[in-house]
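**Student:** My file is my_file.cif. It has mmCIF, C-alpha atoms and all ligand atoms:
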```cif
data_my_file
loop_
_atom_site.label_atom_id
_atom_site.label_comp_id
_atom_site.auth_asym_id
_atom_site.auth_seq_id
_atom_site.Cartn_x
_atom_site.Cartn_y
_atom_site.Cartn_z
CA MET R 6 0.00 0.00 0.00
CA ASN R 7 1.18 3.55 -0.78
CA THR R 8 -0.13 6.61 1.06
CA GLN R 9 1.04 10.08 2.05
CA VAL R 10 0.75 9.67 5.84
CA CYS R 11 0.74 6.42 7.80
CA ILE R 12 -0.84 7.00 11.24
CA ILE R 13 -0.08 4.42 13.92
CA GLY R 14 -2.76 4.28 16.62
CA ALA R 15 -6.54 4.83 16.45
CA GLY R 16 -7.01 6.52 19.82
CA PRO R 17 -8.16 10.14 19.96
CA ALA R 18 -4.91 11.50 18.45
CA GLY R 19 -4.79 9.08 15.52
CA LEU R 20 -8.47 9.38 14.62
CA LEU R 21 -8.56 13.17 14.97
CA LEU R 22 -5.47 13.50 12.75
CA GLY R 23 -6.79 11.00 10.20
CA HIS R 24 -10.10 12.84 9.83
CA LEU R 25 -8.41 16.26 9.57
CA LEU R 26 -6.05 15.04 6.83
CA ARG R 27 -8.82 13.26 4.88
CA ALA R 28 -10.95 16.40 5.07
CA GLU R 29 -8.19 18.30 3.24
CA GLY R 30 -7.60 15.52 0.70
CA VAL R 31 -4.36 14.24 2.22
CA ASP R 32 -4.12 10.50 1.68
CA CYS R 33 -3.64 8.55 4.93
CA VAL R 34 -4.26 5.23 6.63
CA VAL R 35 -4.59 4.47 10.35
CA LEU R 36 -3.12 1.26 11.76
CA GLU R 37 -4.60 0.11 15.09
CA ARG R 38 -3.45 -3.07 16.78
CA ARG R 39 -6.60 -3.58 18.87
CA SER R 40 -10.26 -4.09 17.93
CA PRO R 41 -12.80 -1.24 17.94
CA ASP R 42 -14.51 -2.72 21.01
CA TYR R 43 -11.22 -2.94 22.89
CA VAL R 44 -10.41 0.70 22.14
CA LEU R 45 -13.89 1.79 23.25
CA GLY R 46 -13.62 -0.35 26.38
CA ARG R 47 -10.87 1.83 27.81
CA ILE R 48 -12.05 4.03 30.68
CA ARG R 49 -10.44 7.45 30.34
CA ALA R 50 -10.95 11.02 31.53
CA GLY R 51 -13.46 13.37 30.03
CA VAL R 52 -12.81 17.11 30.40
CA LEU R 53 -12.53 18.84 27.01
CA GLU R 54 -10.82 22.18 26.45
CA GLN R 55 -12.01 24.49 23.69
CA VAL R 56 -9.16 23.28 21.44
CA THR R 57 -10.65 19.79 21.42
CA VAL R 58 -14.22 21.00 20.93
CA THR R 59 -13.03 23.24 18.07
CA LEU R 60 -11.44 20.29 16.23
CA MET R 61 -14.70 18.30 16.52
CA GLU R 62 -16.64 21.36 15.27
CA ARG R 63 -14.18 21.75 12.35
CA LEU R 64 -14.87 18.11 11.43
CA GLY R 65 -18.63 18.54 11.84
CA LEU R 66 -18.57 15.74 14.41
CA ASP R 67 -19.67 17.80 17.43
CA ALA R 68 -23.41 17.05 17.40
CA ARG R 69 -23.45 14.48 20.24
CA LEU R 70 -20.80 16.41 22.15
CA LYS R 71 -23.03 19.50 22.03
CA ALA R 72 -26.16 17.48 22.91
CA GLU R 73 -24.69 15.35 25.72
CA GLY R 74 -21.60 17.21 26.93
CA LEU R 75 -21.90 18.99 30.27
CA VAL R 76 -20.68 22.60 30.04
CA GLU R 77 -18.75 23.50 33.19
CA GLU R 78 -18.23 27.19 34.04
CA GLY R 79 -16.29 26.50 37.23
CA PHE R 80 -14.67 23.82 39.37
CA ASN R 81 -13.78 23.54 43.07
CA LEU R 82 -10.70 23.03 45.19
CA ALA R 83 -11.33 21.68 48.69
CA ASP R 84 -9.04 21.46 51.72
CA GLY R 85 -11.16 19.10 53.79
CA GLU R 86 -13.23 21.86 55.36
CA ARG R 87 -14.33 24.28 52.67
CA LEU R 88 -14.84 24.47 48.92
CA VAL R 89 -13.01 27.17 46.94
CA ARG R 90 -14.77 27.71 43.61
CA ILE R 91 -12.65 28.71 40.60
CA PRO R 92 -15.14 30.62 38.38
CA LEU R 93 -13.63 29.65 35.00
CA THR R 94 -16.00 31.51 32.71
CA GLU R 95 -16.16 34.66 34.85
CA LEU R 96 -12.35 34.84 34.89
CA THR R 97 -11.49 33.68 31.34
CA GLY R 98 -14.66 33.90 29.28
CA LYS R 99 -14.19 30.20 28.49
CA ASN R 100 -15.57 26.91 29.83
CA VAL R 101 -14.73 23.22 29.67
CA VAL R 102 -17.04 20.41 28.57
CA VAL R 103 -17.36 17.11 30.42
CA TYR R 104 -17.72 14.46 27.71
CA GLY R 105 -16.09 11.03 28.10
CA GLN R 106 -13.04 10.35 25.92
CA THR R 107 -14.71 7.04 25.05
CA GLU R 108 -17.63 8.97 23.54
CA LEU R 109 -15.34 11.30 21.58
CA THR R 110 -13.45 8.27 20.25
CA ARG R 111 -16.77 6.62 19.35
CA ASP R 112 -17.87 9.71 17.39
CA LEU R 113 -14.59 9.66 15.45
CA MET R 114 -14.76 5.91 14.84
CA GLU R 115 -18.37 5.94 13.66
CA ALA R 116 -17.60 8.67 11.10
CA ARG R 117 -14.73 6.80 9.43
CA GLU R 118 -16.84 5.02 6.78
CA GLU R 119 -18.82 8.05 5.61
CA ARG R 120 -15.66 10.20 5.64
CA GLY R 121 -13.54 7.65 3.77
CA LEU R 122 -10.98 7.32 6.58
CA GLU R 123 -9.28 3.92 6.33
CA VAL R 124 -8.63 2.46 9.78
CA ILE R 125 -7.11 -1.03 9.84
CA TYR R 126 -7.91 -2.72 13.17
CA GLY R 127 -6.04 -5.83 14.22
CA ALA R 128 -2.80 -4.48 12.68
CA GLU R 129 -0.25 -6.35 14.77
CA ASP R 130 3.49 -5.84 15.30
CA ALA R 131 3.68 -2.51 13.51
CA ALA R 132 7.31 -1.60 12.87
CA LEU R 133 8.70 1.65 11.52
CA HIS R 134 11.44 1.66 8.89
CA ASP R 135 13.64 4.34 7.25
CA VAL R 136 12.01 7.17 9.20
CA GLU R 137 15.23 9.18 8.66
CA THR R 138 14.61 9.19 4.92
CA ASP R 139 11.87 10.80 2.84
CA ALA R 140 10.51 7.34 1.99
CA PRO R 141 9.70 5.66 5.32
CA TYR R 142 7.54 2.60 5.52
CA VAL R 143 5.63 0.65 8.16
CA THR R 144 5.28 -3.12 8.26
CA TYR R 145 2.61 -4.96 10.22
CA ARG R 146 0.82 -8.28 10.36
CA LYS R 147 -2.89 -8.71 9.68
CA ASP R 148 -4.69 -12.08 9.60
CA GLY R 149 -1.31 -13.77 9.65
CA ALA R 150 -0.02 -11.98 6.54
CA GLU R 151 2.85 -9.48 6.49
CA ARG R 152 1.75 -6.10 5.12
CA ARG R 153 3.65 -2.91 4.22
CA VAL R 154 2.65 0.77 3.99
CA ASP R 155 4.96 3.07 2.03
CA CYS R 156 4.47 6.72 2.86
CA ARG R 157 6.10 10.18 3.06
CA PHE R 158 5.43 10.73 6.79
CA VAL R 159 4.62 8.51 9.75
CA ALA R 160 2.45 9.97 12.54
CA GLY R 161 3.13 8.14 15.80
CA CYS R 162 -0.19 8.31 17.65
CA ASP R 163 0.35 4.96 19.37
CA GLY R 164 0.37 6.05 23.00
CA PHE R 165 3.03 5.73 25.68
CA HIS R 166 3.78 2.06 25.04
CA GLY R 167 3.68 2.14 21.24
CA PRO R 168 6.62 1.57 18.84
CA SER R 169 6.88 5.09 17.37
CA ARG R 170 8.90 6.83 20.09
CA GLN R 171 11.10 3.72 20.27
CA ALA R 172 11.92 4.21 16.58
CA ILE R 173 13.83 7.39 17.44
CA PRO R 174 17.47 6.84 18.49
CA ILE R 175 17.65 7.81 22.16
CA ASP R 176 20.64 10.07 21.45
CA ALA R 177 18.42 11.98 19.01
CA GLY R 178 16.18 13.12 21.85
CA GLN R 179 15.85 13.78 25.57
CA GLU R 180 13.50 12.15 28.06
CA TYR R 181 12.10 14.08 31.03
CA GLU R 182 10.20 12.11 33.67
CA ARG R 183 8.71 12.28 37.12
CA VAL R 184 6.94 9.20 38.54
CA TYR R 185 4.58 9.97 41.44
CA PRO R 186 4.58 7.90 44.67
CA PHE R 187 0.85 7.17 44.52
CA GLY R 188 -1.87 6.07 42.09
CA TRP R 189 -5.47 7.06 41.51
CA LEU R 190 -8.16 4.54 42.41
CA GLY R 191 -11.11 5.42 40.18
CA ILE R 192 -14.69 4.20 40.23
CA LEU R 193 -17.54 4.67 37.79
CA ALA R 194 -21.08 4.34 39.18
CA ASP R 195 -24.56 4.93 37.81
CA VAL R 196 -25.52 7.39 40.54
CA PRO R 197 -26.10 11.15 40.30
CA PRO R 198 -22.94 13.26 40.83
CA CYS R 199 -22.56 14.85 44.30
CA SER R 200 -21.89 18.21 42.66
CA SER R 201 -22.69 19.81 39.32
CA GLU R 202 -19.07 20.97 39.15
CA LEU R 203 -15.85 19.00 39.67
CA ILE R 204 -14.31 18.97 43.13
CA TYR R 205 -10.57 18.36 43.71
CA ALA R 206 -9.87 17.80 47.41
CA ASN R 207 -6.65 17.71 49.44
CA HIS R 208 -7.66 16.28 52.80
CA GLU R 209 -5.36 15.23 55.66
CA ARG R 210 -6.09 11.65 54.56
CA GLY R 211 -5.30 12.30 50.91
CA PHE R 212 -6.62 13.39 47.52
CA ALA R 213 -10.14 12.93 46.15
CA LEU R 214 -11.84 14.02 42.93
CA ALA R 215 -15.58 14.13 42.28
CA SER R 216 -16.35 14.15 38.56
CA MET R 217 -19.11 12.86 36.33
CA ARG R 218 -20.03 11.47 32.91
CA SER R 219 -23.67 12.62 32.89
CA ALA R 220 -26.45 13.63 35.30
CA THR R 221 -26.86 9.95 36.17
CA ARG R 222 -23.28 8.62 35.99
CA SER R 223 -20.51 9.66 38.42
CA ARG R 224 -16.73 9.29 38.26
CA TYR R 225 -14.75 9.50 41.50
CA TYR R 226 -11.07 9.09 42.38
CA ILE R 227 -8.97 8.85 45.55
CA ASP R 228 -5.20 8.59 45.66
CA VAL R 229 -3.77 5.38 47.15
CA PRO R 230 -0.23 4.08 47.76
CA LEU R 231 1.21 2.18 44.79
CA THR R 232 1.20 -0.98 46.92
CA GLU R 233 -2.61 -1.01 47.06
CA ARG R 234 -4.67 -3.41 44.93
CA VAL R 235 -8.25 -2.94 43.71
CA GLU R 236 -9.24 -6.00 45.78
CA ASP R 237 -8.24 -4.02 48.91
CA TRP R 238 -10.97 -1.49 48.11
CA PRO R 239 -14.55 -2.79 48.25
CA ASP R 240 -17.07 -0.16 47.14
CA GLU R 241 -18.22 0.76 50.65
CA ARG R 242 -14.65 1.51 51.72
CA ILE R 243 -14.27 3.84 48.74
CA TRP R 244 -17.57 5.63 49.44
CA ASP R 245 -16.57 6.07 53.09
CA GLU R 246 -13.19 7.53 52.11
CA LEU R 247 -14.70 9.84 49.51
CA ALA R 248 -17.20 11.21 52.07
CA ILE R 249 -14.34 12.08 54.42
CA ARG R 250 -11.90 13.50 51.89
CA LEU R 251 -14.40 15.57 49.86
CA GLY R 252 -15.57 17.33 53.02
CA PRO R 253 -18.98 17.66 54.69
CA GLU R 254 -20.64 19.87 52.06
CA ALA R 255 -19.99 17.44 49.21
CA ALA R 256 -20.42 14.35 51.38
CA ALA R 257 -23.98 15.35 52.18
CA ASN R 258 -24.81 15.00 48.47
CA ILE R 259 -23.00 11.75 47.68
CA THR R 260 -25.31 9.02 46.34
CA ARG R 261 -23.74 5.60 46.84
CA GLY R 262 -24.16 2.70 44.48
CA PRO R 263 -22.33 -0.30 42.98
CA SER R 264 -19.22 0.53 40.94
CA ILE R 265 -19.47 -0.52 37.28
CA GLU R 266 -15.73 0.02 36.82
CA LYS R 267 -12.95 0.20 39.39
CA SER R 268 -9.21 0.47 38.69
CA ILE R 269 -5.93 1.92 39.95
CA ALA R 270 -3.77 3.97 37.55
CA PRO R 271 -0.22 5.18 38.25
CA LEU R 272 0.66 8.86 37.78
CA ARG R 273 3.55 10.09 35.72
CA SER R 274 4.87 13.28 34.09
CA TYR R 275 6.84 12.50 30.95
CA VAL R 276 8.05 14.33 27.87
CA PHE R 277 10.16 13.12 24.94
CA ALA R 278 11.68 15.95 22.93
CA PRO R 279 11.86 16.64 20.06
CA MET R 280 8.43 15.46 18.86
CA ARG R 281 9.64 15.06 15.28
CA HIS R 282 12.51 12.95 13.97
CA GLU R 283 12.87 13.56 10.20
CA SER R 284 9.77 11.87 8.64
CA LEU R 285 8.24 10.76 11.97
CA LEU R 286 5.95 13.06 13.98
CA LEU R 287 4.85 12.06 17.48
CA CYS R 288 1.41 13.11 18.78
CA GLY R 289 -0.31 12.67 22.13
CA ASP R 290 0.68 10.06 24.68
CA ALA R 291 3.37 8.76 22.29
CA ALA R 292 5.34 11.92 23.17
CA HIS R 293 4.14 12.94 26.63
CA ILE R 294 2.17 11.93 29.68
CA VAL R 295 0.61 14.17 32.33
CA PRO R 296 -0.83 13.24 35.72
CA PRO R 297 -4.64 13.40 35.31
CA THR R 298 -4.94 16.16 37.92
CA GLY R 299 -5.11 18.92 35.32
CA ALA R 300 -7.29 16.96 32.85
CA LYS R 301 -4.73 17.70 30.11
CA GLY R 302 -4.00 14.31 28.49
CA LEU R 303 -6.69 14.28 25.82
CA ASN R 304 -6.45 18.02 25.24
CA LEU R 305 -2.69 17.90 24.65
CA ALA R 306 -3.28 15.11 22.12
CA ALA R 307 -5.74 17.47 20.42
CA SER R 308 -3.34 20.42 20.32
CA ASP R 309 -0.54 18.20 18.99
CA VAL R 310 -2.91 17.06 16.25
CA HIS R 311 -3.86 20.67 15.51
CA TYR R 312 -0.18 21.46 14.87
CA ALA R 313 0.55 18.16 13.06
CA ALA R 314 -2.42 18.60 10.71
CA GLU R 315 -1.31 22.19 9.99
CA ALA R 316 2.20 20.91 9.20
CA LEU R 317 1.15 17.97 7.01
CA ILE R 318 -1.56 19.90 5.15
CA GLY R 319 0.99 22.67 4.58
CA PHE R 320 3.43 20.15 3.14
CA PHE R 321 1.00 18.31 0.84
CA CYS R 322 -1.50 21.03 -0.05
CA LYS R 323 0.52 24.26 0.09
CA ASN R 324 3.91 22.88 -0.91
CA SER R 325 5.45 24.39 2.23
CA ALA R 326 7.68 22.48 4.65
CA ASP R 327 7.84 25.39 7.12
CA ALA R 328 5.18 24.07 9.51
CA ILE R 329 6.77 20.60 9.42
CA ALA R 330 10.08 22.17 10.47
CA HIS R 331 8.39 24.02 13.33
CA TYR R 332 5.99 21.26 14.42
CA SER R 333 7.98 20.04 17.41
CA ASP R 334 8.80 23.50 18.78
CA LYS R 335 5.17 24.65 18.51
CA ALA R 336 3.73 21.49 20.05
CA LEU R 337 6.29 21.36 22.86
CA ALA R 338 5.74 25.01 23.80
CA ARG R 339 2.15 24.13 24.74
CA VAL R 340 3.05 20.68 26.14
CA TRP R 341 5.55 22.09 28.64
CA LYS R 342 3.09 24.66 29.98
CA ALA R 343 0.47 21.94 30.45
CA GLU R 344 3.08 19.68 32.08
CA ARG R 345 3.92 22.46 34.52
CA PHE R 346 0.26 23.10 35.38
CA SER R 347 -0.48 19.39 35.84
CA TRP R 348 2.61 18.90 38.01
CA SER R 349 1.84 22.03 40.03
CA LEU R 350 -1.81 21.07 40.70
CA THR R 351 -0.71 17.53 41.58
CA ARG R 352 1.85 18.96 44.03
CA LEU R 353 -0.79 21.24 45.58
CA MET R 354 -3.55 18.63 45.90
CA HIS R 355 -1.72 15.47 47.05
CA ARG R 356 0.09 14.40 50.23
CA PHE R 357 3.60 13.20 49.33
CA PRO R 358 5.27 10.59 51.59
CA GLU R 359 8.33 12.79 52.06
CA ASP R 360 6.20 15.78 53.14
CA GLY R 361 6.26 16.92 56.76
CA PRO R 362 4.16 19.45 58.70
CA PHE R 363 5.88 22.37 56.94
CA GLU R 364 4.98 21.10 53.47
CA ARG R 365 1.39 20.51 54.61
CA MET R 366 1.19 24.11 55.84
CA MET R 367 2.53 25.31 52.48
CA GLN R 368 -0.40 23.53 50.79
CA VAL R 369 -2.92 24.93 53.29
CA ALA R 370 -1.47 28.43 52.85
CA GLU R 371 -1.54 28.18 49.04
CA LEU R 372 -5.18 27.06 49.07
CA ASP R 373 -5.94 29.92 51.48
CA TYR R 374 -4.19 32.38 49.15
CA ILE R 375 -6.13 31.02 46.14
CA ALA R 376 -9.38 31.41 48.09
CA SER R 377 -8.59 35.10 48.65
CA SER R 378 -6.91 36.12 45.37
CA ARG R 379 -8.63 36.77 42.04
CA ALA R 380 -5.16 36.84 40.42
CA ALA R 381 -4.32 33.39 41.79
CA GLN R 382 -7.68 32.03 40.68
CA THR R 383 -7.22 33.55 37.21
CA ALA R 384 -3.83 31.87 36.81
CA ILE R 385 -5.41 28.51 37.63
CA ALA R 386 -8.48 29.18 35.48
CA GLU R 387 -6.60 30.09 32.29
CA ASN R 388 -4.50 26.95 32.56
CA TYR R 389 -7.50 24.73 33.35
CA VAL R 390 -9.60 25.94 30.37
CA GLY R 391 -6.49 25.51 28.19
CA LEU R 392 -3.90 27.99 26.95
CA PRO R 393 -4.28 29.24 23.36
CA VAL R 394 -2.99 27.08 20.49
N1 LIG R 401 0.32 -0.67 16.59
C1 LIG R 401 -0.88 -0.07 16.37
N2 LIG R 401 -1.57 0.61 17.32
C2 LIG R 401 -0.99 0.69 18.55
C3 LIG R 401 0.26 0.12 18.86
C4 LIG R 401 0.91 -0.59 17.81
N3 LIG R 401 2.10 -1.20 18.03
N4 LIG R 401 0.55 0.40 20.17
C5 LIG R 401 -0.48 1.12 20.65
N5 LIG R 401 -1.41 1.30 19.69
C6 LIG R 401 -2.70 1.97 19.81
C7 LIG R 401 -3.42 1.68 21.12
O1 LIG R 401 -4.13 0.46 21.05
C8 LIG R 401 -4.34 2.90 21.22
O2 LIG R 401 -5.59 2.65 20.61
O3 LIG R 401 -2.48 3.37 19.81
C9 LIG R 401 -3.59 4.00 20.46
C10 LIG R 401 -3.06 5.09 21.37
O4 LIG R 401 -4.17 5.76 21.96
P1 LIG R 401 -4.04 6.47 23.39
O5 LIG R 401 -3.18 5.65 24.29
O6 LIG R 401 -5.44 6.82 23.85
O7 LIG R 401 -3.23 7.82 23.11
P2 LIG R 401 -3.66 9.15 22.36
O8 LIG R 401 -4.45 8.88 21.14
O9 LIG R 401 -2.43 9.95 22.31
O10 LIG R 401 -4.70 9.86 23.37
C11 LIG R 401 -4.24 10.44 24.57
O11 LIG R 401 -5.55 8.92 25.80
O12 LIG R 401 -4.46 7.56 27.29
C12 LIG R 401 -5.25 8.66 27.19
O13 LIG R 401 -4.78 10.05 29.06
C13 LIG R 401 -4.55 9.87 27.69
O14 LIG R 401 -6.42 11.22 27.46
C14 LIG R 401 -5.16 10.92 26.87
C15 LIG R 401 -5.37 10.30 25.53
C1 LIG R 402 -12.65 12.34 34.89
O1 LIG R 402 -13.84 12.74 34.87
O2 LIG R 402 -12.32 11.16 34.64
C2 LIG R 402 -11.57 13.34 35.26
C3 LIG R 402 -11.90 14.68 35.40
C4 LIG R 402 -10.91 15.60 35.73
C5 LIG R 402 -9.61 15.16 35.92
C6 LIG R 402 -9.29 13.80 35.78
C7 LIG R 402 -10.28 12.89 35.45
O3 LIG R 402 -8.64 16.07 36.26
#
```
Output the structure of this file as structure tokens.
**Tutor:**
Amino acid sequence: MNTQVCIIGAGPAGLLLGHLLRAEGVDCVVLERRSPDYVLGRIRAGVLEQVTVTLMERLGLDARLKAEGLVEEGFNLADGERLVRIPLTELTGKNVVVYGQTELTRDLMEAREERGLEVIYGAEDAALHDVETDAPYVTYRKDGAERRVDCRFVAGCDGFHGPSRQAIPIDAGQEYERVYPFGWLGILADVPPCSSELIYANHERGFALASMRSATRSRYYIDVPLTERVEDWPDERIWDELAIRLGPEAAANITRGPSIEKSIAPLRSYVFAPMRHESLLLCGDAAHIVPPTGAKGLNLAASDVHYAAEALIGFFCKNSADAIAHYSDKALARVWKAERFSWSLTRLMHRFPEDGPFERMMQVAELDYIASSRAAQTAIAENYVGLPV
């Protein structure tokens, strides 16, 4: 097979990029190792910045997002006693939309036939070749047969554990990483959310987050030591802990019910730079990971894709290689600011094992300052709604 761009990975980054390129007549194919059901079965976050909503609008795939997404004009920080509301829209004129990543991926998947986007599921053992030339190719196995895609560019949208970043010689780039000493235990339950707006809590006992998927489906998290296992956390123990950590005001509105999904995820900050190596562009989790505290993962994938589409469309449709040359610098400029915000909010809202009474008082004082300062709230708000692309 010959194409202009071979995209590896049919998560949000790969599907968004594929649709954007097809819409401009750039020939591409998406290789996904898993099945559609497997991809949709992944439980992920669901807070969309305007950049992500704008891409779905540009593709004309925003109908369900507009009908079912929950527009949030503020969110809350809690210190165990009180709630401090960050009035996002009042301070920035923008909002965020709560709409599960699974649903966004479903919208992109369901549009692939009518939009002529070729996505090959079950593409196993994808391997990148000659990415340092202007004639790279990707091999993979499908139904037991070896296949090959010749292309001009490869877009690595294959997530943190995919092969694309590994195809770049380590001396051609730099890794930056911070692994956090706790994980997030998350539950999904078909009960009404305890609050119409998200609540991030830093309680003496630890972190909690109250989120939602709809008016009838809630998503909650607490941080737990990395030694904990899901089996150690029956539902009732989680509900009890949430009621304590979220504070009395939120606890009074918690509706308990059986979890329909329960899992522990580790937290990491990670960046690989540069995000382009000759004919290979990295997008999304393939290039960077953020702790979920700032709700940036999906939105950074979207801004990477915004820049990658601009670069590839410029190359193929406007005969200009400028945007390709500047892709990594432009994407990383936004990635690093989101990494800083996610790290900073994680530092503020979690108890670290090495922290003593002084560090705890620094957190209490910072939350007290935020409660009293419009400037401090504005700094948080403009990062949370997403910095401009
Ligand atoms: N060959 C083909 N596809 C692969 C391979 C491979 N060798 N390895 C991984 N993939 C696929 C995965 O199955 C997945 O569907 O690449 C896709 C990567 O998708 P994501 O991991 O969702 O990454 P991305 O599209 O960048 O979206 C980032 O997803 O993980 C969340 O928190 C993250 O919200 C953020 C978003
Ligand atoms: C979620 O709803 O899953 C969610 C929301 C906000 C976050 C992380 C996860 O910061």
**Student:** What does the structure give for the distance between atom CA of R:Pro141 and atom CA of R:Ala330, in Å to one decimal?
**Tutor:**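 The value is 17.3 Å.
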**Student:** Counting all atoms listed in the file, what are the residues, protein, DNA or RNA alike, that approach ligand LIG 402 (chain R) to within 10 Å? I want them as an NGL selection string.
**Tutor:** :R and (48-53 or 80 or 103-106 or 189 or 191-193 or 203-205 or 214-218 or 223-226 or 296-302 or 347 or 350-351 or 389)
**Student:** Go ahead and write the residues just picked, C-alpha atoms, as a PDB file, keeping the file's coordinate frame.
**Tutor:**
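See selection.pdb below for the written result:
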```
ATOM      1  CA  ILE R  48     -12.050   4.030  30.680  1.00  0.00           C
ATOM      2  CA  ARG R  49     -10.440   7.450  30.340  1.00  0.00           C
ATOM      3  CA  ALA R  50     -10.950  11.020  31.530  1.00  0.00           C
ATOM      4  CA  GLY R  51     -13.460  13.370  30.030  1.00  0.00           C
ATOM      5  CA  VAL R  52     -12.810  17.110  30.400  1.00  0.00           C
ATOM      6  CA  LEU R  53     -12.530  18.840  27.010  1.00  0.00           C
ATOM      7  CA  PHE R  80     -14.670  23.820  39.370  1.00  0.00           C
ATOM      8  CA  VAL R 103     -17.360  17.110  30.420  1.00  0.00           C
ATOM      9  CA  TYR R 104     -17.720  14.460  27.710  1.00  0.00           C
ATOM     10  CA  GLY R 105     -16.090  11.030  28.100  1.00  0.00           C
ATOM     11  CA  GLN R 106     -13.040  10.350  25.920  1.00  0.00           C
ATOM     12  CA  TRP R 189      -5.470   7.060  41.510  1.00  0.00           C
ATOM     13  CA  GLY R 191     -11.110   5.420  40.180  1.00  0.00           C
ATOM     14  CA  ILE R 192     -14.690   4.200  40.230  1.00  0.00           C
ATOM     15  CA  LEU R 193     -17.540   4.670  37.790  1.00  0.00           C
ATOM     16  CA  LEU R 203     -15.850  19.000  39.670  1.00  0.00           C
ATOM     17  CA  ILE R 204     -14.310  18.970  43.130  1.00  0.00           C
ATOM     18  CA  TYR R 205     -10.570  18.360  43.710  1.00  0.00           C
ATOM     19  CA  LEU R 214     -11.840  14.020  42.930  1.00  0.00           C
ATOM     20  CA  ALA R 215     -15.580  14.130  42.280  1.00  0.00           C
ATOM     21  CA  SER R 216     -16.350  14.150  38.560  1.00  0.00           C
ATOM     22  CA  MET R 217     -19.110  12.860  36.330  1.00  0.00           C
ATOM     23  CA  ARG R 218     -20.030  11.470  32.910  1.00  0.00           C
ATOM     24  CA  SER R 223     -20.510   9.660  38.420  1.00  0.00           C
ATOM     25  CA  ARG R 224     -16.730   9.290  38.260  1.00  0.00           C
ATOM     26  CA  TYR R 225     -14.750   9.500  41.500  1.00  0.00           C
ATOM     27  CA  TYR R 226     -11.070   9.090  42.380  1.00  0.00           C
ATOM     28  CA  PRO R 296      -0.830  13.240  35.720  1.00  0.00           C
ATOM     29  CA  PRO R 297      -4.640  13.400  35.310  1.00  0.00           C
ATOM     30  CA  THR R 298      -4.940  16.160  37.920  1.00  0.00           C
ATOM     31  CA  GLY R 299      -5.110  18.920  35.320  1.00  0.00           C
ATOM     32  CA  ALA R 300      -7.290  16.960  32.850  1.00  0.00           C
ATOM     33  CA  LYS R 301      -4.730  17.700  30.110  1.00  0.00           C
ATOM     34  CA  GLY R 302      -4.000  14.310  28.490  1.00  0.00           C
ATOM     35  CA  SER R 347      -0.480  19.390  35.840  1.00  0.00           C
ATOM     36  CA  LEU R 350      -1.810  21.070  40.700  1.00  0.00           C
ATOM     37  CA  THR R 351      -0.710  17.530  41.580  1.00  0.00           C
ATOM     38  CA  TYR R 389      -7.500  24.730  33.350  1.00  0.00           C
TER      39      TYR R 389
END
```
**Student:** Counting only C-alpha atoms, which of R:Ala140, R:Cys11, R:Ile227, R:Ala213 gets nearest to R:Ala160?
**Tutor:** R:Cys11
**Student:** Report as a Markdown table the residues of chain R within 7 Å of ligand LIG 401 (chain R), each with its shortest atom pair and distance in Å (one decimal), using all atoms listed in the file, ordered by chain and increasing residue number.
**Tutor:**
```
| residue | atom | partner | partner_atom | distance |
| --- | --- | --- | --- | --- |
| R:Ile13 | CA | R:LIG401 | C1 | 5.2 |
| R:Gly14 | CA | R:LIG401 | O3 | 3.3 |
| R:Ala15 | CA | R:LIG401 | O2 | 4.8 |
| R:Gly16 | CA | R:LIG401 | O4 | 3.6 |
| R:Pro17 | CA | R:LIG401 | O8 | 4.1 |
| R:Ala18 | CA | R:LIG401 | O8 | 3.8 |
| R:Gly19 | CA | R:LIG401 | O8 | 5.6 |
| R:Leu36 | CA | R:LIG401 | C1 | 5.3 |
| R:Glu37 | CA | R:LIG401 | N2 | 3.8 |
| R:Arg38 | CA | R:LIG401 | C1 | 4.0 |
| R:Arg39 | CA | R:LIG401 | O1 | 5.2 |
| R:Val44 | CA | R:LIG401 | O2 | 5.4 |
| R:Arg49 | CA | R:LIG401 | C12 | 6.2 |
| R:Ala50 | CA | R:LIG401 | O14 | 6.1 |
| R:Gln106 | CA | R:LIG401 | O14 | 6.9 |
| R:Ala128 | CA | R:LIG401 | C1 | 6.1 |
| R:Glu129 | CA | R:LIG401 | N1 | 6.0 |
| R:Asp130 | CA | R:LIG401 | N3 | 5.6 |
| R:Ala131 | CA | R:LIG401 | N1 | 4.9 |
| R:Cys162 | CA | R:LIG401 | O9 | 5.4 |
| R:Asp163 | CA | R:LIG401 | O3 | 3.3 |
| R:Gly164 | CA | R:LIG401 | O5 | 3.8 |
| R:Phe165 | CA | R:LIG401 | O5 | 6.4 |
| R:His166 | CA | R:LIG401 | N4 | 6.1 |
| R:Gly167 | CA | R:LIG401 | N4 | 3.7 |
| R:Pro168 | CA | R:LIG401 | N3 | 5.4 |
| R:Cys288 | CA | R:LIG401 | O9 | 6.1 |
| R:Gly289 | CA | R:LIG401 | O9 | 3.5 |
| R:Asp290 | CA | R:LIG401 | O9 | 3.9 |
| R:Ala291 | CA | R:LIG401 | O9 | 5.9 |
| R:Gly302 | CA | R:LIG401 | C14 | 3.9 |
| R:Leu303 | CA | R:LIG401 | O14 | 3.5 |
| R:Ala306 | CA | R:LIG401 | O9 | 5.2 |
```
**Student:** I need the residue nearest R:Leu305 from this list: R:Ala370, R:Leu190, R:Leu337, R:Val31. Use all atoms listed in the file for the distance.
**Tutor:**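 Of R:Ala370, R:Leu190, R:Leu337, R:Val31, the one nearest R:Leu305, counting all atoms listed in the file, is R:Leu337.
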**Student:** Counting all atoms listed in the file, which of R:His24, R:Arg146, R:Arg63, R:Arg157 gets nearest to R:Val10?
**Tutor:**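 Ranked by minimum distance to R:Val10, first place goes to R:Arg157.
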